[in-house]
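Some notes on the structure that comes next.
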Protein chains: 2
Amino acid sequence: MKLNAGVEWVLHTCLNLGWIEEDTREGASTARLAAFYHLPPAYLGKQLQALVRAGILTSTSGPRGGFRLARRLEDISVLDVVTAIEGRTNAFECTQILHDGPGANPATDYRTVCAVSQTMSRADLAWRRELASETLADIRDRVLTFSPGAPRQTRAWFENTRA
Amino acid sequence: MKLNAGVEWVLHTCLNLGWIEEDTREGASTARLAAFYHLPPAYLGKQLQALVRAGILTSTSGPRGGFRLARRLEDISVLDVVTAIEGRTNAFECTQILHDGPGANPATDYRTVCAVSQTMSRADLAWRRELASETLADIRDRVLTFSPGAPRQTRAWFENTRA
DNA sequence: ATATCCTGGACATTACCTATCCAGAATTTC
DNA sequence: GAAATTCTGGATAGGTAATGTCCAGGATAT
């Protein structure tokens, strides 16, 4: 039960894009976004492509191209981002082993009926609900409280490495 | 982000043990517990050993030996079982990529400070809290409501395959 | 003594995550 | 129009963890 490392990467990357766009009204390329944290560029690119497919980012090809936020941080929940990378699979996947036990009804879908499955589903639901209740803007605001200089520092880095 | 399959196996197995012990005051061997759902015996054995180490089951060697519940279903939370199999690792593991970004403080533990990490930790906490709030007795009672014949049917199977 | 059964470790297999590379298309710049 | 930049999608390789098997050893009941 471990999330893809990409979840951490893209959450931070989206926050960075928020600060960049506030300033320059431009996006950033995979290469520079990856260099910011010394992440493998090609692999981060895969994750960003997933965000584009999920409608969280937009991309443009060519020089001066790159990725931008498709909407405001207020309108992107953490769950949106997690789901884009991780898919909709639950941590607990009911394999319906009751079907292999005595007295099983072949027509029954134990994913909805089985009491064990129900309990585990509720836990997964609680996890998702928690992530759905927080937006990237909420996270950004908490970053600002803890380290107010973060936006300026991030913008400066992207400007200085522009060439 | 997927739980070990063993979680499903041992949750159902613990419920079966509950019904068996109500009746015969005896445990059941790995071989028979596995046969009940056509699970690989040796691998289920590994999972049951983990439950013994966690203090959820007790085991006895030799003929008529096997596994028994170490305490009542009322006193075993679903989280206890999940943790025994899965360990205490969270779904989201903060790799502190902020340490690799500009302006990082090498002395800072970003697992507690980073706003992204905090959000993801809260979600994991909500998941655990949900699992901790439910006991195996709760699940058993819901099974009884849905299929009152389950205990009798399970006991019958274990008695008939006794030899 | 013998048969049963758990224990722990070693080992093989499989699946998935991580990561790279490349050809192709889109876009800007000159 | 040519060249450089950048995203896109697919193919592929490597690594790690989950899955599954096997066996020697110890414990226990008959």
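Labels for the structure tokens follow display order: chains A, B, ..., residues from 1 in each chain, ligands from 1.
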Taking the backbone alone, and naming residues the way the document does, which bits of stretch 8-140 of chain B are strand (DSSP E) by DSSP, as an mmCIF file with C-alpha atoms, in the first residue's frame?
```
data_model
loop_
_atom_site.group_PDB
_atom_site.id
_atom_site.type_symbol
_atom_site.label_atom_id
_atom_site.label_comp_id
_atom_site.auth_asym_id
_atom_site.auth_seq_id
_atom_site.Cartn_x
_atom_site.Cartn_y
_atom_site.Cartn_z
ATOM 1 C CA LEU B 57 -4.022 -15.195 17.124
ATOM 2 C CA THR B 58 -2.371 -17.936 19.124
ATOM 3 C CA SER B 59 -0.945 -21.056 17.575
ATOM 4 C CA THR B 60 -0.288 -24.584 18.810
ATOM 5 C CA GLY B 66 -3.636 -24.833 14.605
ATOM 6 C CA PHE B 67 -4.707 -21.249 15.140
ATOM 7 C CA ARG B 68 -7.142 -19.707 17.575
ATOM 8 C CA LEU B 69 -8.186 -16.172 18.331
#
```
Please, can I see chain B fitted onto chain A by all in-order Cα atoms (least squares), as a compact mmCIF listing (two decimals) with C-alpha atoms, in the first residue's frame?
```txt
# COMPACT_ATOMS: atom_id res chain seq x y z
CA MET B 1 -0.11 -0.02 -0.11
CA LYS B 2 2.04 2.74 -1.41
CA LEU B 3 1.16 5.66 -3.64
CA ASN B 4 3.16 6.41 -6.74
CA ALA B 5 6.04 8.75 -6.12
CA GLY B 6 4.62 10.90 -8.88
CA VAL B 7 1.86 12.10 -6.57
CA GLU B 8 4.36 13.96 -4.43
CA TRP B 9 6.17 15.32 -7.48
CA VAL B 10 3.14 16.78 -9.20
CA LEU B 11 1.59 18.24 -6.07
CA HIS B 12 4.71 20.29 -5.47
CA THR B 13 4.99 21.05 -9.18
CA CYS B 14 1.44 22.38 -9.33
CA LEU B 15 2.18 24.71 -6.44
CA ASN B 16 5.28 25.94 -8.25
CA LEU B 17 3.25 26.55 -11.38
CA GLY B 18 0.84 28.59 -9.30
CA TRP B 19 3.61 30.89 -8.19
CA ILE B 20 5.23 31.14 -11.59
CA GLU B 21 1.96 32.05 -13.28
CA GLU B 22 1.13 34.69 -10.71
CA ASP B 23 4.30 36.36 -11.79
CA THR B 24 5.10 35.79 -15.42
CA ARG B 25 1.80 34.63 -16.84
CA GLU B 26 3.79 31.87 -18.49
CA GLY B 27 4.16 28.17 -17.92
CA ALA B 28 7.28 26.10 -17.46
CA SER B 29 8.80 23.20 -19.35
CA THR B 30 9.20 19.67 -18.07
CA ALA B 31 12.96 20.12 -18.08
CA ARG B 32 12.91 23.08 -15.73
CA LEU B 33 10.15 21.77 -13.50
CA ALA B 34 12.16 18.58 -13.08
CA ALA B 35 15.43 20.40 -12.51
CA PHE B 36 13.87 22.35 -9.66
CA TYR B 37 13.80 19.18 -7.51
CA HIS B 38 16.37 17.15 -9.47
CA LEU B 39 13.69 14.77 -10.65
CA PRO B 40 14.08 12.54 -13.73
CA PRO B 41 12.70 14.77 -16.51
CA ALA B 42 11.25 12.08 -18.76
CA TYR B 43 9.42 10.41 -15.93
CA LEU B 44 8.05 13.64 -14.52
CA GLY B 45 6.89 14.36 -18.07
CA LYS B 46 4.77 11.22 -17.97
CA GLN B 47 3.08 12.36 -14.79
CA LEU B 48 2.43 15.83 -16.16
CA GLN B 49 0.89 14.31 -19.25
CA ALA B 50 -1.51 12.48 -16.97
CA LEU B 51 -2.51 15.79 -15.38
CA VAL B 52 -3.17 17.22 -18.84
CA ARG B 53 -5.41 14.28 -19.67
CA ALA B 54 -7.22 14.90 -16.38
CA GLY B 55 -7.80 18.52 -17.29
CA ILE B 56 -5.69 19.90 -14.46
CA LEU B 57 -2.92 21.27 -16.66
CA THR B 58 -2.70 22.51 -20.22
CA SER B 59 0.34 22.05 -22.39
CA THR B 60 1.78 23.89 -25.38
CA SER B 61 4.47 22.63 -27.72
CA GLY B 62 7.38 24.49 -29.14
CA PRO B 63 9.75 27.13 -27.81
CA ARG B 64 8.36 29.04 -24.83
CA GLY B 65 5.97 26.14 -24.45
CA GLY B 66 5.43 23.93 -21.43
CA PHE B 67 2.74 23.35 -18.83
CA ARG B 68 0.29 25.71 -17.21
CA LEU B 69 -2.53 25.27 -14.75
CA ALA B 70 -5.83 24.66 -16.48
CA ARG B 71 -7.71 26.35 -13.64
CA ARG B 72 -7.11 28.19 -10.40
CA LEU B 73 -5.63 26.41 -7.40
CA GLU B 74 -8.92 27.05 -5.60
CA ASP B 75 -10.62 24.79 -8.13
CA ILE B 76 -8.20 21.87 -7.95
CA SER B 77 -8.73 19.45 -5.09
CA VAL B 78 -5.91 17.28 -3.85
CA LEU B 79 -8.05 14.30 -4.77
CA ASP B 80 -8.17 15.52 -8.37
CA VAL B 81 -4.41 15.36 -8.55
CA VAL B 82 -4.11 12.04 -6.76
CA THR B 83 -6.75 10.46 -8.97
CA ALA B 84 -5.07 11.75 -12.12
CA ILE B 85 -1.86 9.93 -11.21
CA GLU B 86 -3.18 6.98 -9.29
CA GLY B 87 -6.45 6.17 -10.98
CA ARG B 88 -9.67 5.34 -9.23
CA THR B 89 -8.55 2.05 -7.70
CA ASN B 90 -9.16 1.58 -3.99
CA ALA B 91 -6.47 0.49 -1.58
CA PHE B 92 -8.53 -2.57 -0.72
CA GLU B 93 -9.60 -4.63 -3.68
CA CYS B 94 -12.22 -7.23 -2.85
CA THR B 95 -11.39 -10.41 -4.74
CA GLN B 96 -14.62 -11.96 -3.55
CA ILE B 97 -13.01 -14.95 -1.95
CA LEU B 98 -16.43 -15.78 -0.57
CA HIS B 99 -17.13 -17.11 -4.06
CA ASP B 100 -14.52 -19.80 -3.37
CA GLY B 101 -16.00 -20.75 -0.01
CA PRO B 102 -18.75 -23.27 0.72
CA GLY B 103 -22.29 -22.10 0.31
CA ALA B 104 -21.39 -19.27 -2.05
CA ASN B 105 -23.96 -17.82 -4.38
CA PRO B 106 -22.35 -17.45 -7.81
CA ALA B 107 -24.79 -14.70 -8.73
CA THR B 108 -23.91 -12.52 -5.77
CA ASP B 109 -21.57 -9.58 -6.15
CA TYR B 110 -19.69 -9.79 -2.87
CA ARG B 111 -17.93 -6.49 -3.51
CA THR B 112 -21.12 -4.78 -2.38
CA VAL B 113 -22.57 -7.46 -0.09
CA CYS B 114 -19.57 -8.75 1.87
CA ALA B 115 -19.28 -7.07 5.27
CA VAL B 116 -15.50 -7.09 5.12
CA SER B 117 -15.54 -5.37 1.76
CA GLN B 118 -18.01 -2.79 3.06
CA THR B 119 -15.79 -1.87 5.97
CA MET B 120 -12.70 -1.51 3.85
CA SER B 121 -14.61 0.54 1.30
CA ARG B 122 -15.73 2.94 3.98
CA ALA B 123 -12.12 3.51 4.97
CA ASP B 124 -11.13 4.20 1.39
CA LEU B 125 -14.04 6.59 1.16
CA ALA B 126 -12.90 8.45 4.26
CA TRP B 127 -9.47 8.81 2.69
CA ARG B 128 -10.89 10.25 -0.50
CA ARG B 129 -13.25 12.52 1.33
CA GLU B 130 -10.34 13.99 3.24
CA LEU B 131 -8.41 14.61 0.04
CA ALA B 132 -11.44 16.04 -1.71
CA SER B 133 -12.01 18.54 1.07
CA GLU B 134 -8.68 20.24 0.51
CA THR B 135 -7.68 22.28 -2.52
CA LEU B 136 -4.24 23.19 -3.76
CA ALA B 137 -5.07 26.75 -2.69
CA ASP B 138 -5.46 25.52 0.88
CA ILE B 139 -2.02 23.98 0.75
CA ARG B 140 -0.54 27.08 -0.86
CA ASP B 141 -1.96 29.25 1.92
CA ARG B 142 -0.40 27.05 4.57
CA VAL B 143 2.94 27.23 2.80
CA LEU B 144 2.65 31.01 2.84
CA THR B 145 2.09 30.99 6.56
CA PHE B 146 5.07 28.81 7.27
CA SER B 147 7.51 30.27 4.76
CA PRO B 148 6.28 33.54 3.24
CA GLY B 149 9.39 33.80 1.10
CA ALA B 150 8.64 30.64 -0.87
CA PRO B 151 6.87 32.29 -3.82
CA ARG B 152 9.58 34.88 -4.37
CA GLN B 153 12.29 32.27 -4.03
CA THR B 154 10.64 29.93 -6.47
CA ARG B 155 10.05 32.65 -9.05
CA ALA B 156 13.63 33.79 -8.72
CA TRP B 157 14.93 30.33 -9.42
CA PHE B 158 12.84 29.93 -12.55
CA GLU B 159 13.87 33.35 -13.81
CA ASN B 160 17.57 32.84 -13.17
CA THR B 161 17.68 29.49 -14.93
CA ARG B 162 15.59 30.76 -17.78
CA ALA B 163 18.29 30.58 -20.43
```
Going by DSSP on the backbone, which residues of chain B come out as alpha helix (DSSP H)? List them as JSON, numbers by chain. {"B": [5, 6, 7, 8, 9, 10, 11, 12, 13, 14, 15, 16, 17, 18, 19, 20, 21, 22, 23, 24, 30, 31, 32, 33, 34, 35, 36, 37, 41, 42, 43, 44, 45, 46, 47, 48, 49, 50, 51, 52, 53, 78, 79, 80, 81, 82, 83, 84, 85, 86, 110, 111, 112, 113, 115, 116, 117, 118, 119, 120, 121, 122, 123, 124, 125, 126, 127, 128, 129, 130, 131, 132, 136, 137, 138, 139, 140, 141, 142, 143, 144, 145, 146, 150, 151, 152, 153, 154, 155, 156, 157, 158, 159, 160]}
Would you mind listing, for every residue of chain C within 10 Å of chain A, the two atoms forming the shortest contact and the distance between them in Å to one decimal, using only C-alpha atoms (C1' of nucleotides), sorted by chain and ascending residue number, as JSON lines?
```
{"residue": "C:DC17", "atom": "C1'", "partner": "A:Asn4", "partner_atom": "CA", "distance": 7.4}
{"residue": "C:DT18", "atom": "C1'", "partner": "A:Tyr43", "partner_atom": "CA", "distance": 7.9}
{"residue": "C:DA19", "atom": "C1'", "partner": "A:Tyr43", "partner_atom": "CA", "distance": 6.3}
{"residue": "C:DT20", "atom": "C1'", "partner": "A:Ala42", "partner_atom": "CA", "distance": 7.3}
{"residue": "C:DC21", "atom": "C1'", "partner": "A:Ala42", "partner_atom": "CA", "distance": 9.3}
{"residue": "C:DA25", "atom": "C1'", "partner": "A:Ser61", "partner_atom": "CA", "distance": 9.0}
{"residue": "C:DA26", "atom": "C1'", "partner": "A:Ser61", "partner_atom": "CA", "distance": 5.5}
{"residue": "C:DT27", "atom": "C1'", "partner": "A:Gly62", "partner_atom": "CA", "distance": 4.2}
{"residue": "C:DT28", "atom": "C1'", "partner": "A:Pro63", "partner_atom": "CA", "distance": 5.2}
{"residue": "C:DT29", "atom": "C1'", "partner": "A:Pro63", "partner_atom": "CA", "distance": 8.1}
```
Using the selection just defined, write its residues with N, CA, C and O atoms (P, O5', C5', C4', C3', O3' and C1' of nucleotides) as a PDB file, in the first residue's frame.
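Okay, result.pdb is ready:
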```pdb
ATOM      1  P    DC C  17       1.729   0.380 -10.015  1.00  0.00           P
ATOM      2  O5'  DC C  17       3.027   1.199  -9.577  1.00  0.00           O
ATOM      3  C5'  DC C  17       3.718   0.794  -8.410  1.00  0.00           C
ATOM      4  C4'  DC C  17       5.198   1.149  -8.531  1.00  0.00           C
ATOM      5  C3'  DC C  17       5.479   2.577  -9.012  1.00  0.00           C
ATOM      6  O3'  DC C  17       6.423   3.161  -8.127  1.00  0.00           O
ATOM      7  C1'  DC C  17       6.678   1.024 -10.330  1.00  0.00           C
ATOM      8  P    DT C  18       6.743   4.756  -8.275  1.00  0.00           P
ATOM      9  O5'  DT C  18       8.093   4.746  -9.122  1.00  0.00           O
ATOM     10  C5'  DT C  18       9.205   4.036  -8.615  1.00  0.00           C
ATOM     11  C4'  DT C  18      10.291   3.957  -9.659  1.00  0.00           C
ATOM     12  C3'  DT C  18      10.683   5.302 -10.295  1.00  0.00           C
ATOM     13  O3'  DT C  18      12.051   5.546 -10.024  1.00  0.00           O
ATOM     14  C1'  DT C  18      10.444   3.602 -11.932  1.00  0.00           C
ATOM     15  P    DA C  19      12.675   7.004 -10.414  1.00  0.00           P
ATOM     16  O5'  DA C  19      13.140   6.807 -11.914  1.00  0.00           O
ATOM     17  C5'  DA C  19      14.078   5.774 -12.220  1.00  0.00           C
ATOM     18  C4'  DA C  19      14.205   5.622 -13.721  1.00  0.00           C
ATOM     19  C3'  DA C  19      14.303   6.931 -14.499  1.00  0.00           C
ATOM     20  O3'  DA C  19      15.668   7.134 -14.836  1.00  0.00           O
ATOM     21  C1'  DA C  19      13.025   5.244 -15.643  1.00  0.00           C
ATOM     22  P    DT C  20      16.077   8.388 -15.794  1.00  0.00           P
ATOM     23  O5'  DT C  20      16.081   7.701 -17.230  1.00  0.00           O
ATOM     24  C5'  DT C  20      16.682   6.419 -17.383  1.00  0.00           C
ATOM     25  C4'  DT C  20      16.541   5.945 -18.818  1.00  0.00           C
ATOM     26  C3'  DT C  20      16.824   7.020 -19.874  1.00  0.00           C
ATOM     27  O3'  DT C  20      17.872   6.554 -20.717  1.00  0.00           O
ATOM     28  C1'  DT C  20      14.795   5.866 -20.344  1.00  0.00           C
ATOM     29  P    DC C  21      18.513   7.601 -21.811  1.00  0.00           P
ATOM     30  O5'  DC C  21      17.765   7.182 -23.150  1.00  0.00           O
ATOM     31  C5'  DC C  21      17.557   5.791 -23.425  1.00  0.00           C
ATOM     32  C4'  DC C  21      16.708   5.626 -24.668  1.00  0.00           C
ATOM     33  C3'  DC C  21      16.921   6.712 -25.735  1.00  0.00           C
ATOM     34  O3'  DC C  21      17.239   6.106 -26.973  1.00  0.00           O
ATOM     35  C1'  DC C  21      14.604   6.391 -25.265  1.00  0.00           C
ATOM     36  P    DA C  25       3.650  12.625 -37.807  1.00  0.00           P
ATOM     37  O5'  DA C  25       3.026  13.771 -36.903  1.00  0.00           O
ATOM     38  C5'  DA C  25       2.193  13.434 -35.786  1.00  0.00           C
ATOM     39  C4'  DA C  25       2.041  14.638 -34.884  1.00  0.00           C
ATOM     40  C3'  DA C  25       1.745  15.942 -35.616  1.00  0.00           C
ATOM     41  O3'  DA C  25       0.707  16.636 -34.952  1.00  0.00           O
ATOM     42  C1'  DA C  25       3.642  16.203 -34.234  1.00  0.00           C
ATOM     43  P    DA C  26       0.012  17.906 -35.635  1.00  0.00           P
ATOM     44  O5'  DA C  26       0.380  19.104 -34.664  1.00  0.00           O
ATOM     45  C5'  DA C  26       0.202  18.938 -33.262  1.00  0.00           C
ATOM     46  C4'  DA C  26       0.936  20.032 -32.520  1.00  0.00           C
ATOM     47  C3'  DA C  26       0.728  21.430 -33.112  1.00  0.00           C
ATOM     48  O3'  DA C  26       0.379  22.315 -32.066  1.00  0.00           O
ATOM     49  C1'  DA C  26       3.048  20.962 -32.865  1.00  0.00           C
ATOM     50  P    DT C  27      -0.248  23.765 -32.416  1.00  0.00           P
ATOM     51  O5'  DT C  27       0.981  24.734 -32.134  1.00  0.00           O
ATOM     52  C5'  DT C  27       1.697  24.590 -30.915  1.00  0.00           C
ATOM     53  C4'  DT C  27       2.991  25.367 -30.988  1.00  0.00           C
ATOM     54  C3'  DT C  27       2.896  26.717 -31.704  1.00  0.00           C
ATOM     55  O3'  DT C  27       3.236  27.739 -30.801  1.00  0.00           O
ATOM     56  C1'  DT C  27       4.834  25.523 -32.353  1.00  0.00           C
ATOM     57  P    DT C  28       2.916  29.300 -31.071  1.00  0.00           P
ATOM     58  O5'  DT C  28       4.354  29.966 -30.977  1.00  0.00           O
ATOM     59  C5'  DT C  28       5.178  29.683 -29.840  1.00  0.00           C
ATOM     60  C4'  DT C  28       6.636  29.811 -30.230  1.00  0.00           C
ATOM     61  C3'  DT C  28       7.041  31.180 -30.789  1.00  0.00           C
ATOM     62  O3'  DT C  28       7.972  31.788 -29.911  1.00  0.00           O
ATOM     63  C1'  DT C  28       7.950  29.396 -32.087  1.00  0.00           C
ATOM     64  P    DT C  29       8.420  33.296 -30.100  1.00  0.00           P
ATOM     65  O5'  DT C  29       9.727  33.139 -30.990  1.00  0.00           O
ATOM     66  C5'  DT C  29      10.739  32.211 -30.576  1.00  0.00           C
ATOM     67  C4'  DT C  29      11.834  32.130 -31.621  1.00  0.00           C
ATOM     68  C3'  DT C  29      12.215  33.476 -32.266  1.00  0.00           C
ATOM     69  O3'  DT C  29      13.618  33.649 -32.189  1.00  0.00           O
ATOM     70  C1'  DT C  29      11.815  31.828 -33.927  1.00  0.00           C
TER      71       DT C  29
END
```
With only C-alpha atoms (C1' of nucleotides) considered, list every residue of chain D at most 6 Å from chain B, as a ChimeraX atom specification. /D:27-29
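Our summary of the geometry notes that atom C1' of C:DA23 is positioned 12.9 Å from atom C1' of D:DC7.
Atom to atom, atom C1' of C:DT2 and atom C1' of D:DG26 stand 15.1 Å apart.
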One-decimal distance in Å that lies between atom C1' of D:DA11 and atom C1' of C:DT14: 20.6 Å
